[in-house]
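First up is the structure itself, then whatever we jot down about it.
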Amino acid sequence: MITETGIVVSALLVAAASYRVIDGPRVEDRVVALDTISTNVVALAVLYAVHTGKAFFINVALMLAITGFIATVSTSMYIRDGDIIR
(Lines give C-alpha, C1' and ligand atoms only; values in the text may rest on other atoms or scores of the structure.)
Protein backbone atom coordinates (compact mmCIF):
# COMPACT_ATOMS: atom_id res chain seq x y z
CA MET A 1 0.00 0.00 0.00
CA ILE A 2 2.77 2.44 0.87
CA THR A 3 4.73 1.75 -2.30
CA GLU A 4 1.64 2.33 -4.45
CA THR A 5 1.07 5.66 -2.72
CA GLY A 6 4.71 6.63 -3.29
CA ILE A 7 4.46 5.71 -6.96
CA VAL A 8 1.33 7.84 -7.40
CA VAL A 9 2.83 10.82 -5.54
CA SER A 10 6.06 10.61 -7.53
CA ALA A 11 4.13 10.41 -10.80
CA LEU A 12 2.11 13.49 -9.82
CA LEU A 13 5.33 15.35 -9.04
CA VAL A 14 6.68 14.44 -12.47
CA ALA A 15 3.52 15.88 -14.02
CA ALA A 16 3.86 19.08 -11.97
CA ALA A 17 7.52 19.49 -12.92
CA SER A 18 6.64 18.89 -16.56
CA TYR A 19 4.52 22.02 -16.46
CA ARG A 20 7.58 24.01 -15.34
CA VAL A 21 9.66 22.52 -18.15
CA ILE A 22 7.09 23.63 -20.71
CA ASP A 23 6.19 27.00 -19.19
CA GLY A 24 9.42 27.90 -17.38
CA PRO A 25 10.21 31.59 -17.65
CA ARG A 26 13.97 30.98 -17.86
CA VAL A 27 16.30 28.23 -19.01
CA GLU A 28 17.56 27.75 -15.46
CA ASP A 29 14.03 26.98 -14.27
CA ARG A 30 13.68 24.38 -16.99
CA VAL A 31 16.99 22.73 -16.02
CA VAL A 32 15.94 22.48 -12.38
CA ALA A 33 12.57 21.04 -13.42
CA LEU A 34 14.28 18.44 -15.61
CA ASP A 35 16.55 17.51 -12.70
CA THR A 36 13.47 17.13 -10.51
CA ILE A 37 11.86 14.88 -13.11
CA SER A 38 15.04 12.80 -13.29
CA THR A 39 15.10 12.38 -9.52
CA ASN A 40 11.44 11.38 -9.43
CA VAL A 41 11.90 8.85 -12.23
CA VAL A 42 14.72 7.28 -10.21
CA ALA A 43 12.36 7.17 -7.22
CA LEU A 44 9.70 5.55 -9.40
CA ALA A 45 12.13 2.85 -10.50
CA VAL A 46 13.19 2.12 -6.92
CA LEU A 47 9.61 2.04 -5.66
CA TYR A 48 8.64 -0.27 -8.49
CA ALA A 49 11.58 -2.55 -7.65
CA VAL A 50 10.49 -2.68 -4.01
CA HIS A 51 6.87 -3.26 -4.96
CA THR A 52 7.53 -6.10 -7.42
CA GLY A 53 10.67 -7.53 -5.83
CA LYS A 54 12.62 -7.32 -9.10
CA ALA A 55 16.16 -6.22 -8.35
CA PHE A 56 16.78 -5.38 -12.01
CA PHE A 57 15.03 -2.03 -11.54
CA ILE A 58 17.59 -1.00 -8.92
CA ASN A 59 20.23 -1.18 -11.65
CA VAL A 60 17.94 0.82 -13.92
CA ALA A 61 17.54 3.44 -11.18
CA LEU A 62 21.31 3.71 -10.73
CA MET A 63 21.87 4.20 -14.45
CA LEU A 64 19.10 6.81 -14.60
CA ALA A 65 20.63 8.66 -11.65
CA ILE A 66 24.07 8.72 -13.27
CA THR A 67 22.64 9.87 -16.59
CA GLY A 68 20.55 12.57 -14.92
CA PHE A 69 23.53 13.86 -12.99
CA ILE A 70 25.75 14.06 -16.07
CA ALA A 71 22.98 15.79 -18.03
CA THR A 72 22.44 18.36 -15.29
CA VAL A 73 26.15 19.13 -14.95
CA SER A 74 26.60 19.38 -18.73
CA THR A 75 23.62 21.68 -19.12
CA SER A 76 24.79 23.86 -16.24
CA MET A 77 28.24 24.19 -17.79
CA TYR A 78 26.69 25.08 -21.13
CA ILE A 79 24.50 27.76 -19.56
CA ARG A 80 27.41 29.20 -17.56
CA ASP A 81 30.19 29.08 -20.18
CA GLY A 82 28.40 28.67 -23.48
CA ASP A 83 30.43 25.51 -24.13
CA ILE A 84 30.68 22.10 -22.49
CA ILE A 85 34.26 21.20 -23.43
CA ARG A 86 36.83 23.87 -22.80
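Following the order of the C-alpha coordinates, first chain is A, next is B, and so on, with residues numbered from 1 inside each chain and ligands from 1 in the order they appear.
For Leu47 (chain A), the residues within 9 Å (counting only C-alpha atoms, excluding itself and residues fewer than 2 positions away along the chain) are A:Thr3, A:Glu4, A:Gly6, A:Ile7, A:Val42, A:Ala43, A:Leu44, A:Ala45, A:Ala49, A:Val50, A:His51, A:Thr52, A:Phe57.
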Shell around Leu12 (chain A) at 12 Å using only C-alpha atoms, local window under 6 positions removed, as a tab-separated table (two decimals) with N, CA and C atoms, in the first residue's frame:
```tsv
chain	number	residue	atom	x	y	z
A	5	THR	N	1.27	4.24	-3.01
A	5	THR	CA	1.07	5.66	-2.72
A	5	THR	C	2.29	6.47	-3.15
A	6	GLY	N	3.48	5.95	-2.87
A	6	GLY	CA	4.71	6.63	-3.29
A	6	GLY	C	4.83	6.74	-4.79
A	18	SER	N	6.75	18.78	-15.10
A	18	SER	CA	6.64	18.89	-16.56
A	18	SER	C	6.03	20.22	-16.98
A	19	TYR	N	5.10	20.71	-16.18
A	19	TYR	CA	4.52	22.02	-16.46
A	19	TYR	C	5.61	23.10	-16.42
A	36	THR	N	14.51	17.64	-11.40
A	36	THR	CA	13.47	17.13	-10.51
A	36	THR	C	12.77	15.93	-11.13
A	37	ILE	N	12.49	16.01	-12.42
A	37	ILE	CA	11.86	14.88	-13.11
A	37	ILE	C	12.80	13.68	-13.08
A	40	ASN	N	12.70	12.09	-9.66
A	40	ASN	CA	11.44	11.38	-9.43
A	40	ASN	C	11.33	10.10	-10.25
A	41	VAL	N	11.90	10.08	-11.44
A	41	VAL	CA	11.90	8.85	-12.23
A	41	VAL	C	12.78	7.79	-11.56
A	44	LEU	N	10.70	6.47	-8.85
A	44	LEU	CA	9.70	5.55	-9.40
A	44	LEU	C	10.30	4.17	-9.67
```
Computed interatomic separation between CA of Lys54 (chain A) and CA of Gly68 (chain A) (Å) |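 Distance reported for this atom pair: 22.2 Å.
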Would you give me, as a Markdown table, each residue of region 23-60 of chain A having an atom within 9 Å of an atom of region 74-83 of chain A, along with its shortest atom pair and that distance in Å to one decimal, using only C-alpha atoms and sorting by chain and residue number?
```
| residue | atom | partner | partner_atom | distance |
| --- | --- | --- | --- | --- |
| A:Val27 | CA | A:Ile79 | CA | 8.2 |
| A:Glu28 | CA | A:Ile79 | CA | 8.1 |
| A:Val31 | CA | A:Thr75 | CA | 7.4 |
```
Test item: residues at most 12 Å from Ile22 (chain A), only C-alpha atoms, excluding those fewer than 6 positions along its chain, as a PDB file with N, CA and C atoms, in the first residue's frame:
```
ATOM      1  N   ALA A  15       4.465  15.095 -13.213  1.00  0.00           N
ATOM      2  CA  ALA A  15       3.524  15.881 -14.017  1.00  0.00           C
ATOM      3  C   ALA A  15       3.615  17.369 -13.670  1.00  0.00           C
ATOM      4  N   ALA A  16       3.755  17.679 -12.383  1.00  0.00           N
ATOM      5  CA  ALA A  16       3.857  19.082 -11.970  1.00  0.00           C
ATOM      6  C   ALA A  16       5.156  19.710 -12.477  1.00  0.00           C
ATOM      7  N   ASP A  29      15.206  27.614 -14.854  1.00  0.00           N
ATOM      8  CA  ASP A  29      14.027  26.976 -14.271  1.00  0.00           C
ATOM      9  C   ASP A  29      13.731  25.648 -14.954  1.00  0.00           C
ATOM     10  N   ARG A  30      13.916  25.619 -16.249  1.00  0.00           N
ATOM     11  CA  ARG A  30      13.678  24.379 -16.993  1.00  0.00           C
ATOM     12  C   ARG A  30      14.691  23.307 -16.624  1.00  0.00           C
ATOM     13  N   VAL A  31      15.951  23.687 -16.410  1.00  0.00           N
ATOM     14  CA  VAL A  31      16.987  22.729 -16.022  1.00  0.00           C
ATOM     15  C   VAL A  31      16.678  22.139 -14.648  1.00  0.00           C
ATOM     16  N   ALA A  33      13.753  21.892 -13.272  1.00  0.00           N
ATOM     17  CA  ALA A  33      12.572  21.037 -13.419  1.00  0.00           C
ATOM     18  C   ALA A  33      12.943  19.694 -14.041  1.00  0.00           C
ATOM     19  N   LEU A  34      13.830  19.702 -15.014  1.00  0.00           N
ATOM     20  CA  LEU A  34      14.277  18.436 -15.609  1.00  0.00           C
ATOM     21  C   LEU A  34      15.054  17.592 -14.607  1.00  0.00           C
TER      22      LEU A  34
END
```
